[in-house]
>>> print(open('query_15.cif').read())   # mmCIF, C-alpha atoms
data_query
loop_
_atom_site.label_atom_id
_atom_site.label_comp_id
_atom_site.auth_asym_id
_atom_site.auth_seq_id
_atom_site.Cartn_x
_atom_site.Cartn_y
_atom_site.Cartn_z
CA MET A 1131 24.01 -62.61 -68.04
CA SER A 1132 26.66 -62.87 -65.33
CA CYS A 1133 30.03 -61.18 -65.79
CA SER A 1134 32.89 -62.71 -63.80
CA THR A 1135 33.93 -59.95 -61.38
CA LEU A 1136 36.01 -59.48 -58.23
CA ILE A 1137 35.32 -56.69 -55.78
CA GLY A 1138 37.29 -55.63 -52.72
CA VAL A 1139 40.00 -53.29 -51.42
CA THR A 1140 43.56 -52.33 -52.26
CA ALA A 1141 46.56 -52.98 -50.02
CA SER A 1142 50.17 -51.81 -50.07
CA GLY A 1143 52.58 -52.83 -52.81
CA GLY A 1144 49.92 -53.75 -55.36
CA ALA A 1145 48.25 -56.31 -53.09
CA TYR A 1146 44.51 -56.71 -52.83
CA ALA A 1147 41.77 -58.56 -50.94
CA VAL A 1148 38.59 -59.36 -52.87
CA ARG A 1149 35.35 -61.27 -52.96
CA TRP A 1150 33.44 -62.85 -55.84
CA LEU A 1151 30.56 -60.91 -57.43
CA HIS A 1152 28.38 -63.07 -59.68
CA TRP A 1153 26.23 -60.38 -61.30
CA GLY A 1154 29.07 -57.97 -61.99
CA GLY A 1155 29.81 -56.03 -65.14
CA ASP A 1156 31.63 -53.09 -66.66
CA PRO A 1157 32.18 -49.77 -64.85
CA ALA A 1158 28.95 -48.27 -66.20
CA GLN A 1159 27.06 -50.94 -64.24
CA VAL A 1160 29.13 -51.47 -61.09
CA LEU A 1161 30.34 -47.96 -60.21
CA PRO A 1162 26.82 -46.54 -59.60
CA GLN A 1163 26.11 -49.47 -57.27
CA LEU A 1164 29.31 -48.87 -55.29
CA ARG A 1165 28.59 -45.16 -55.01
CA ARG A 1166 25.07 -45.87 -53.75
CA ILE A 1167 26.40 -48.23 -51.07
CA TRP A 1168 29.17 -45.80 -50.06
CA GLN A 1169 26.94 -42.71 -49.94
CA HIS A 1170 23.60 -43.95 -48.66
CA THR A 1171 24.34 -47.13 -46.68
CA PHE A 1172 27.63 -46.17 -45.02
CA ASP A 1173 27.33 -42.38 -45.02
CA ARG A 1174 30.48 -41.92 -47.14
CA ARG A 1175 32.63 -44.01 -44.80
CA THR A 1176 35.01 -45.77 -47.17
CA LEU A 1177 36.57 -48.13 -44.63
CA ALA A 1178 33.14 -49.39 -43.54
CA THR A 1179 32.15 -49.88 -47.18
CA GLY A 1180 35.23 -51.98 -47.90
CA GLU A 1181 34.79 -54.06 -44.75
CA ALA A 1182 31.16 -54.80 -45.65
CA LEU A 1183 32.05 -55.94 -49.17
CA LEU A 1184 34.70 -58.31 -47.81
CA ARG A 1185 32.29 -60.10 -45.46
CA HIS A 1186 30.64 -62.16 -48.21
CA ASP A 1187 30.81 -63.44 -51.74
CA TRP A 1188 27.98 -61.71 -53.58
CA LEU A 1189 25.26 -62.74 -55.96
CA THR A 1190 24.48 -59.10 -56.77
CA LEU A 1191 24.89 -55.57 -55.45
CA ASP A 1192 21.70 -54.55 -57.23
CA TYR A 1193 19.43 -54.87 -54.19
CA PRO A 1194 16.45 -55.21 -54.07
CA ARG A 1195 16.03 -55.69 -57.85
CA HIS A 1196 17.39 -59.25 -57.50
CA PRO A 1197 15.97 -60.57 -54.18
CA ALA A 1198 17.38 -63.67 -52.50
CA ARG A 1199 15.94 -66.96 -53.74
CA GLY A 1200 17.07 -69.49 -51.16
CA ASN A 1201 20.02 -71.86 -51.66
CA GLY A 1202 21.96 -69.97 -49.00
CA GLN A 1203 21.36 -66.57 -50.58
CA ARG A 1204 20.70 -63.83 -48.04
CA PRO A 1205 19.82 -60.15 -48.49
CA VAL A 1206 22.05 -57.58 -46.81
CA PRO A 1207 19.96 -54.39 -46.73
CA GLY A 1208 21.62 -51.49 -48.46
CA VAL A 1209 24.39 -53.62 -49.94
CA GLY A 1210 23.21 -56.63 -51.94
CA VAL A 1211 22.43 -60.33 -51.89
CA THR A 1212 25.02 -62.85 -50.74
CA ALA A 1213 25.97 -65.82 -52.89
CA GLY A 1214 24.82 -69.29 -51.95
CA LEU A 1215 28.38 -70.61 -51.89
CA GLN A 1216 31.05 -68.75 -49.94
CA ASP A 1217 34.71 -69.25 -50.95
CA GLY A 1218 36.21 -66.71 -48.57
CA ILE A 1219 38.47 -63.74 -49.20
CA ARG A 1220 40.86 -64.01 -52.14
CA ARG A 1221 44.21 -62.30 -51.76
CA GLY A 1222 46.78 -61.54 -54.42
CA ARG A 1223 48.72 -58.90 -56.31
CA VAL A 1224 47.66 -57.02 -59.41
CA ASP A 1225 50.72 -58.32 -61.29
CA ASP A 1226 49.92 -61.98 -60.51
CA PRO A 1227 48.55 -64.21 -63.29
CA ILE A 1228 44.75 -64.36 -63.22
CA ASP A 1229 43.40 -67.55 -61.66
CA GLY A 1230 40.30 -68.69 -63.53
CA TYR A 1231 37.99 -66.92 -65.95
CA LEU A 1232 37.52 -63.32 -64.84
CA GLU A 1233 36.65 -60.09 -66.63
CA TRP A 1234 36.70 -57.16 -64.16
CA MET A 1235 38.10 -56.28 -60.74
CA TYR A 1236 37.08 -53.28 -58.61
CA LEU A 1237 39.35 -52.25 -55.74
CA ILE A 1238 38.33 -49.58 -53.24
CA ASP A 1239 41.26 -47.42 -52.12
CA VAL A 1240 40.38 -46.33 -48.58
CA ALA A 1241 43.16 -43.72 -48.47
CA THR A 1242 41.84 -41.75 -51.47
CA ASP A 1243 38.10 -42.60 -51.49
CA THR A 1244 38.44 -43.98 -54.99
CA VAL A 1245 37.76 -47.16 -56.93
CA VAL A 1246 40.54 -48.58 -59.11
CA VAL A 1247 39.18 -50.64 -62.00
CA TYR A 1248 41.14 -53.47 -63.63
CA GLU A 1249 40.25 -55.35 -66.79
CA ALA A 1250 41.44 -58.88 -67.60
CA THR A 1251 43.55 -59.20 -70.75
CA CYS A 1252 43.74 -62.14 -73.15
CA HIS A 1253 47.19 -62.85 -71.68
CA GLY A 1254 45.72 -63.67 -68.27
CA ARG A 1255 46.88 -60.45 -66.62
CA TRP A 1256 45.16 -57.50 -64.98
CA LEU A 1257 45.33 -54.25 -66.97
CA ARG A 1258 44.58 -51.05 -65.08
CA HIS A 1259 41.50 -49.59 -66.74
CA SER A 1260 40.69 -46.42 -64.75
CA ARG A 1261 40.35 -44.79 -61.35
CA HIS A 1262 37.12 -43.15 -60.17
CA LEU A 1263 36.12 -41.02 -57.21
CA LEU A 1264 33.42 -42.55 -55.04
CA ASP A 1265 31.83 -39.14 -54.55
CA PRO A 1266 29.11 -38.88 -57.24
CA ASP A 1267 29.07 -35.08 -56.86
CA SER A 1268 32.63 -34.94 -58.20
CA GLY A 1269 31.54 -36.19 -61.60
CA GLY A 1270 32.88 -39.57 -60.58
CA HIS A 1271 36.09 -39.69 -62.62
CA LEU A 1272 39.60 -39.02 -61.39
CA LEU A 1273 42.41 -38.27 -63.79
CA ASP A 1274 44.81 -41.09 -63.06
CA PRO A 1275 48.40 -39.92 -62.49
CA ASP A 1276 49.58 -43.35 -63.64
CA ALA A 1277 47.71 -43.24 -66.95
CA ASP A 1278 50.86 -42.40 -68.91
CA GLY A 1279 52.47 -45.55 -67.54
CA GLN A 1280 49.94 -47.80 -69.21
CA VAL A 1281 50.49 -49.29 -72.66
CA LEU A 1282 46.99 -49.92 -73.91
CA GLY A 1283 46.36 -53.17 -75.71
CA CYS A 1284 49.47 -55.19 -74.99
CA GLY A 1285 48.58 -55.64 -71.32
CA GLY A 1286 51.71 -54.05 -69.83
CA TYR A 1287 53.00 -50.85 -68.26
CA ARG A 1288 55.81 -48.49 -69.20
CA THR A 1289 57.25 -48.92 -65.72
CA HIS A 1290 57.76 -52.60 -66.63
CA GLY A 1291 59.44 -51.76 -69.94
CA HIS A 1292 56.37 -51.93 -72.18
CA ARG A 1293 56.16 -49.40 -75.01
CA TRP A 1294 55.43 -49.35 -78.72
CA HIS A 1295 58.35 -49.29 -81.18
CA THR A 1296 57.94 -48.52 -84.88
CA VAL A 1297 59.14 -51.30 -87.20
CA ARG A 1298 58.60 -52.41 -90.79
CA LEU A 1299 56.72 -55.62 -91.53
CA TRP A 1300 58.06 -57.43 -94.59
CA LEU A 1301 55.93 -60.03 -96.35
CA PRO A 1302 57.26 -62.66 -98.79
CA ASP A 1303 58.30 -61.15 -102.14
CA ALA A 1304 57.37 -57.65 -100.94
CA ARG A 1305 59.21 -54.67 -102.41
CA THR A 1306 58.55 -52.47 -99.40
CA GLY A 1307 57.81 -52.89 -95.72
CA LEU A 1308 54.54 -52.03 -93.98
CA ASP A 1309 54.21 -49.65 -91.04
CA THR A 1310 53.80 -51.64 -87.81
CA GLU A 1311 54.47 -51.22 -84.09
CA ILE A 1312 55.80 -53.85 -81.71
CA CYS A 1313 56.06 -54.16 -77.93
CA LEU A 1314 59.48 -55.63 -77.15
CA ALA A 1315 58.92 -56.31 -73.45
CA PRO A 1316 58.29 -59.91 -72.32
CA HIS A 1317 54.66 -60.97 -72.02
CA LEU A 1318 53.01 -63.84 -70.20
CA SER A 1319 53.16 -65.92 -73.36
CA THR A 1320 56.03 -65.85 -75.85
CA THR A 1321 53.82 -64.15 -78.42
CA THR A 1322 55.15 -61.06 -80.16
CA VAL A 1323 52.52 -58.32 -79.78
CA LEU A 1324 52.04 -56.13 -82.86
CA ARG A 1325 49.62 -53.37 -83.72
CA PHE A 1326 48.92 -51.74 -87.08
CA THR A 1327 46.44 -49.66 -89.04
CA ASP A 1328 43.63 -50.85 -91.30
CA ALA A 1329 45.76 -49.87 -94.30
CA THR A 1330 48.50 -52.26 -93.19
CA ALA A 1331 45.88 -54.94 -92.51
CA HIS A 1332 44.49 -54.64 -96.04
CA ALA A 1333 48.02 -54.88 -97.47
CA ILE A 1334 48.65 -58.03 -95.40
CA THR A 1335 45.32 -59.45 -96.60
CA ALA A 1336 46.22 -58.90 -100.25
CA ALA A 1337 49.67 -60.42 -99.82
CA THR A 1338 48.69 -63.48 -97.77
CA ALA A 1339 45.31 -64.51 -99.23
CA PRO A 1340 45.59 -68.16 -100.35
CA THR A 1341 45.01 -69.11 -103.98
CA THR A 1342 43.80 -72.37 -105.50
CA LEU A 1343 47.43 -73.31 -106.12
CA GLN A 1344 48.16 -72.88 -102.41
CA ALA A 1345 45.31 -75.01 -101.07
CA GLY A 1346 46.26 -76.76 -97.87
CA ARG A 1347 49.27 -74.56 -97.23
CA PRO A 1348 50.30 -74.33 -93.55
CA ALA A 1349 50.97 -70.57 -93.49
CA PRO A 1350 48.47 -68.26 -91.73
CA TRP A 1351 46.77 -65.40 -93.53
CA LEU A 1352 44.64 -62.36 -92.79
CA ARG A 1353 41.11 -61.93 -94.13
CA PRO A 1354 38.63 -59.05 -93.76
CA VAL A 1355 35.25 -59.68 -92.16
CA GLY A 1356 33.31 -56.47 -92.68
CA PRO A 1357 35.21 -53.76 -90.79
CA GLN A 1358 37.10 -56.39 -88.77
CA PHE A 1359 39.93 -58.81 -89.59
CA ASP A 1360 40.53 -62.47 -88.78
CA LEU A 1361 43.90 -64.17 -88.54
CA VAL A 1362 43.28 -67.60 -90.06
CA VAL A 1363 45.61 -70.37 -88.91
CA PRO A 1364 45.33 -73.72 -90.74
CA ASP A 1365 45.60 -76.81 -88.57
CA SER A 1366 44.69 -80.50 -88.71
CA CYS A 1367 41.02 -79.66 -88.02
CA GLY A 1368 40.74 -77.08 -90.79
CA GLU A 1369 40.84 -73.31 -90.49
CA ARG A 1370 41.04 -71.72 -87.06
CA PRO A 1371 40.13 -67.99 -87.20
CA TYR A 1372 41.08 -65.48 -84.53
CA ARG A 1373 39.35 -62.09 -84.55
CA LEU A 1374 41.84 -59.23 -84.12
CA ARG A 1375 40.75 -56.77 -81.45
CA ARG A 1376 41.44 -53.04 -81.41
CA ASP A 1377 43.19 -50.97 -78.77
CA ALA A 1378 42.08 -47.60 -77.42
CA ASP A 1379 43.75 -45.88 -80.40
CA GLY A 1380 41.66 -47.91 -82.85
CA LEU A 1381 44.67 -49.90 -84.10
CA LEU A 1382 44.45 -53.64 -84.74
CA LEU A 1383 46.29 -55.90 -82.28
CA LEU A 1384 47.97 -59.15 -83.27
CA ASP A 1385 48.67 -60.85 -79.95
CA VAL A 1386 48.40 -64.58 -80.68
CA PRO A 1387 50.98 -67.00 -82.10
CA ALA A 1388 50.96 -67.40 -85.88
CA PRO A 1389 52.88 -70.67 -86.45
CA GLY A 1390 54.55 -71.06 -89.80
CA TRP A 1391 54.34 -67.44 -90.82
CA SER A 1392 57.02 -66.07 -93.11
CA TRP A 1393 56.61 -62.42 -92.15
CA GLN A 1394 59.72 -60.53 -91.09
CA LEU A 1395 60.09 -57.56 -88.76
CA ARG A 1396 62.91 -55.09 -89.36
CA PRO A 1397 63.88 -51.74 -87.85
CA ALA A 1398 61.99 -48.87 -89.43
CA GLN A 1399 65.13 -47.28 -90.89
CA VAL A 1400 66.21 -50.43 -92.76
CA THR A 1401 65.30 -50.58 -96.46
CA ARG A 1402 65.49 -53.54 -98.80
CA ARG A 1403 67.56 -53.24 -101.92
#
>>> encode(input="query_15.cif", output="structure tokens")
Amino acid sequence: MSCSTLIGVTASGGAYAVRWLHWGGDPAQVLPQLRRIWQHTFDRRTLATGEALLRHDWLTLDYPRHPARGNGQRPVPGVGVTAGLQDGIRRGRVDDPIDGYLEWMYLIDVATDTVVVYEATCHGRWLRHSRHLLDPDSGGHLLDPDADGQVLGCGGYRTHGHRWHTVRLWLPDARTGLDTEICLAPHLSTTTVLRFTDATAHAITAATAPTTLQAGRPAPWLRPVGPQFDLVVPDSCGERPYRLRRDADGLLLLDVPAPGWSWQLRPAQVTRR
């Protein structure tokens, strides 16, 4: 199955130049292909590798496992198979909104012989995933000096004001608040981004589960689905569930609007009398 991917090179100030890769994928799939091209086809010449990738949109870099099949597709020995349709080089900045449905972006940094990997977030932004050395003999992974600047899950960076703040989540008629964290920085949408533990999720589930007396109520609620949780939002078409994802710390992320909710967020030190 194809995985919408961009591949190209970095430029100054967060700019990039990329091409489309149809049969892309996650780093476990794409990084070995890039290292093979860099090491064996271009004799570890990073600039030549980047220039070659920018000459075409690509069907696949897994050559010759997926040979060309006509329709404008053409094999490039040692690199891959070109796509039948060529849209040209795409240029942008890593902080620009994502145009279209994309999942991964791989940018070769010629100055450091590395590959910077970005992952698309649900907010339509690029989130820096990792940086890897092209040299396979190095073990392949480079400790990223910017890693501490990244706020996993919310899609932002500390350098842009993103960080987690501890708050208390108060539900209707609750006698105590629930431990929660919130990112106060602005996001692409106006959604407030929260994260919390499974214990908090179970408490929300117990407090918000609808009863027969509340049938048809407009307020959203949380329900467990095995080890996962769905935010259920009633609308004119019935129930619209949204599966909460987890961040790298294993905490649940609530990053979609919940219209009509009666939950309140208060500073952690505030208590209700």
>>> residues_around(input="query_15.cif", residues="Trp1234 of chain A", least_positions_apart="6", cutoff="9 Å", atoms="all atoms listed in the file", output="PDB file with C-alpha atoms, in the coordinates of the input")
ATOM      1  CA  CYS A1133      30.030 -61.180 -65.790  1.00  0.00           C
ATOM      2  CA  SER A1134      32.890 -62.710 -63.800  1.00  0.00           C
ATOM      3  CA  THR A1135      33.930 -59.950 -61.380  1.00  0.00           C
ATOM      4  CA  LEU A1136      36.010 -59.480 -58.230  1.00  0.00           C
ATOM      5  CA  ILE A1137      35.320 -56.690 -55.780  1.00  0.00           C
ATOM      6  CA  GLY A1154      29.070 -57.970 -61.990  1.00  0.00           C
ATOM      7  CA  GLY A1155      29.810 -56.030 -65.140  1.00  0.00           C
ATOM      8  CA  ASP A1156      31.630 -53.090 -66.660  1.00  0.00           C
ATOM      9  CA  PRO A1157      32.180 -49.770 -64.850  1.00  0.00           C
ATOM     10  CA  VAL A1247      39.180 -50.640 -62.000  1.00  0.00           C
ATOM     11  CA  TYR A1248      41.140 -53.470 -63.630  1.00  0.00           C
ATOM     12  CA  GLU A1249      40.250 -55.350 -66.790  1.00  0.00           C
ATOM     13  CA  ALA A1250      41.440 -58.880 -67.600  1.00  0.00           C
ATOM     14  CA  TRP A1256      45.160 -57.500 -64.980  1.00  0.00           C
TER      15      TRP A1256
END
>>> resolve_selection(input="query_15.cif", expression="the PyMOL selection byres ((chain A and resi 1260) around 7)", output="PDB file with C-alpha atoms, keeping the file's coordinate frame")
ATOM      1  CA  VAL A1246      40.540 -48.580 -59.110  1.00  0.00           C
ATOM      2  CA  VAL A1247      39.180 -50.640 -62.000  1.00  0.00           C
ATOM      3  CA  ARG A1258      44.580 -51.050 -65.080  1.00  0.00           C
ATOM      4  CA  HIS A1259      41.500 -49.590 -66.740  1.00  0.00           C
ATOM      5  CA  ARG A1261      40.350 -44.790 -61.350  1.00  0.00           C
ATOM      6  CA  HIS A1262      37.120 -43.150 -60.170  1.00  0.00           C
ATOM      7  CA  ASP A1274      44.810 -41.090 -63.060  1.00  0.00           C
TER       8      ASP A1274
END
>>> closest_atom_pairs(input="query_15.cif", of="segment 1144-1172 of chain A", to="segment 1206-1226 of chain A", cutoff="7 Å", atoms="all atoms listed in the file", output="JSON lines")
{"residue": "A:Gly1144", "atom": "CA", "partner": "A:Arg1223", "partner_atom": "CA", "distance": 5.4}
{"residue": "A:Ala1145", "atom": "CA", "partner": "A:Arg1223", "partner_atom": "CA", "distance": 4.2}
{"residue": "A:Tyr1146", "atom": "CA", "partner": "A:Gly1222", "partner_atom": "CA", "distance": 5.6}
{"residue": "A:Ala1147", "atom": "CA", "partner": "A:Arg1221", "partner_atom": "CA", "distance": 4.5}
{"residue": "A:Val1148", "atom": "CA", "partner": "A:Arg1220", "partner_atom": "CA", "distance": 5.2}
{"residue": "A:Arg1149", "atom": "CA", "partner": "A:Ile1219", "partner_atom": "CA", "distance": 5.5}
{"residue": "A:Ile1167", "atom": "CA", "partner": "A:Val1209", "partner_atom": "CA", "distance": 5.9}
{"residue": "A:Thr1171", "atom": "CA", "partner": "A:Gly1208", "partner_atom": "CA", "distance": 5.4}
>>> atom_distance(input="query_15.cif", atom1="atom CA of Val1362 of chain A", atom2="atom CA of Pro1340 of chain A")
10.6 Å
>>> atom_distance(input="query_15.cif", atom1="atom CA of Leu1257 of chain A", atom2="atom CA of Met1235 of chain A")
9.8 Å
>>> axis_aligned_box(input="query_15.cif", around="segment 1174-1190 of chain A", padding_each_side="8 Å", output="AutoDock Vina command-line options")
--center_x 30.5 --center_y -52.7 --center_z -50.2 --size_x 28.1 --size_y 37.5 --size_z 29.2
>>> residues_around(input="query_15.cif", residues="Val1240 of chain A", least_positions_apart="4", cutoff="9 Å", atoms="all atoms listed in the file", output="list in words")
Val1139, Thr1140, Arg1175, Thr1176, Leu1177, Gly1180, Thr1244 and Val1245 of chain A
>>> residues_around(input="query_15.cif", residues="Pro1302 of chain A", least_positions_apart="6", cutoff="9 Å", atoms="only C-alpha atoms", output="MDAnalysis selection string")
chainID A and resid 1337:1338 1392:1394
>>> resolve_selection(input="query_15.cif", expression="the PyMOL selection byres ((chain A and resi 1309) around 9)", output="VMD selection string")
chain A and resid 1296 to 1299 1307 to 1308 1310 to 1311 1326 to 1327 1330 1398
>>> closest_residue(input="query_15.cif", among="A:Gly1254, A:Ala1315, A:Val1355, A:Ile1334", to="His1295 of chain A", atoms="all atoms listed in the file")
A:Ala1315
>>> resolve_selection(input="query_15.cif", expression="the PyMOL selection byres ((chain A and resi 1191) around 8)", output="list in words")
Trp1153, Gln1163, Trp1188, Leu1189, Thr1190, Asp1192, Tyr1193, Val1209, Gly1210 and Val1211 of chain A
>>> atom_distance(input="query_15.cif", atom1="atom CA of Gln1159 of chain A", atom2="atom CA of Gly1202 of chain A")
24.9 Å
>>> closest_residue(input="query_15.cif", among="A:His1292, A:His1152, A:Arg1204, A:Arg1174", to="Leu1232 of chain A", atoms="only C-alpha atoms")
A:His1152
>>> closest_residue(input="query_15.cif", among="A:Phe1359, A:Tyr1231, A:Trp1351, A:Tyr1236", to="Arg1373 of chain A", atoms="only C-alpha atoms")
A:Phe1359
>>> closest_residue(input="query_15.cif", among="A:Ile1228, A:Arg1325, A:Gln1203, A:Arg1165", to="Arg1255 of chain A", atoms="only C-alpha atoms")
A:Ile1228
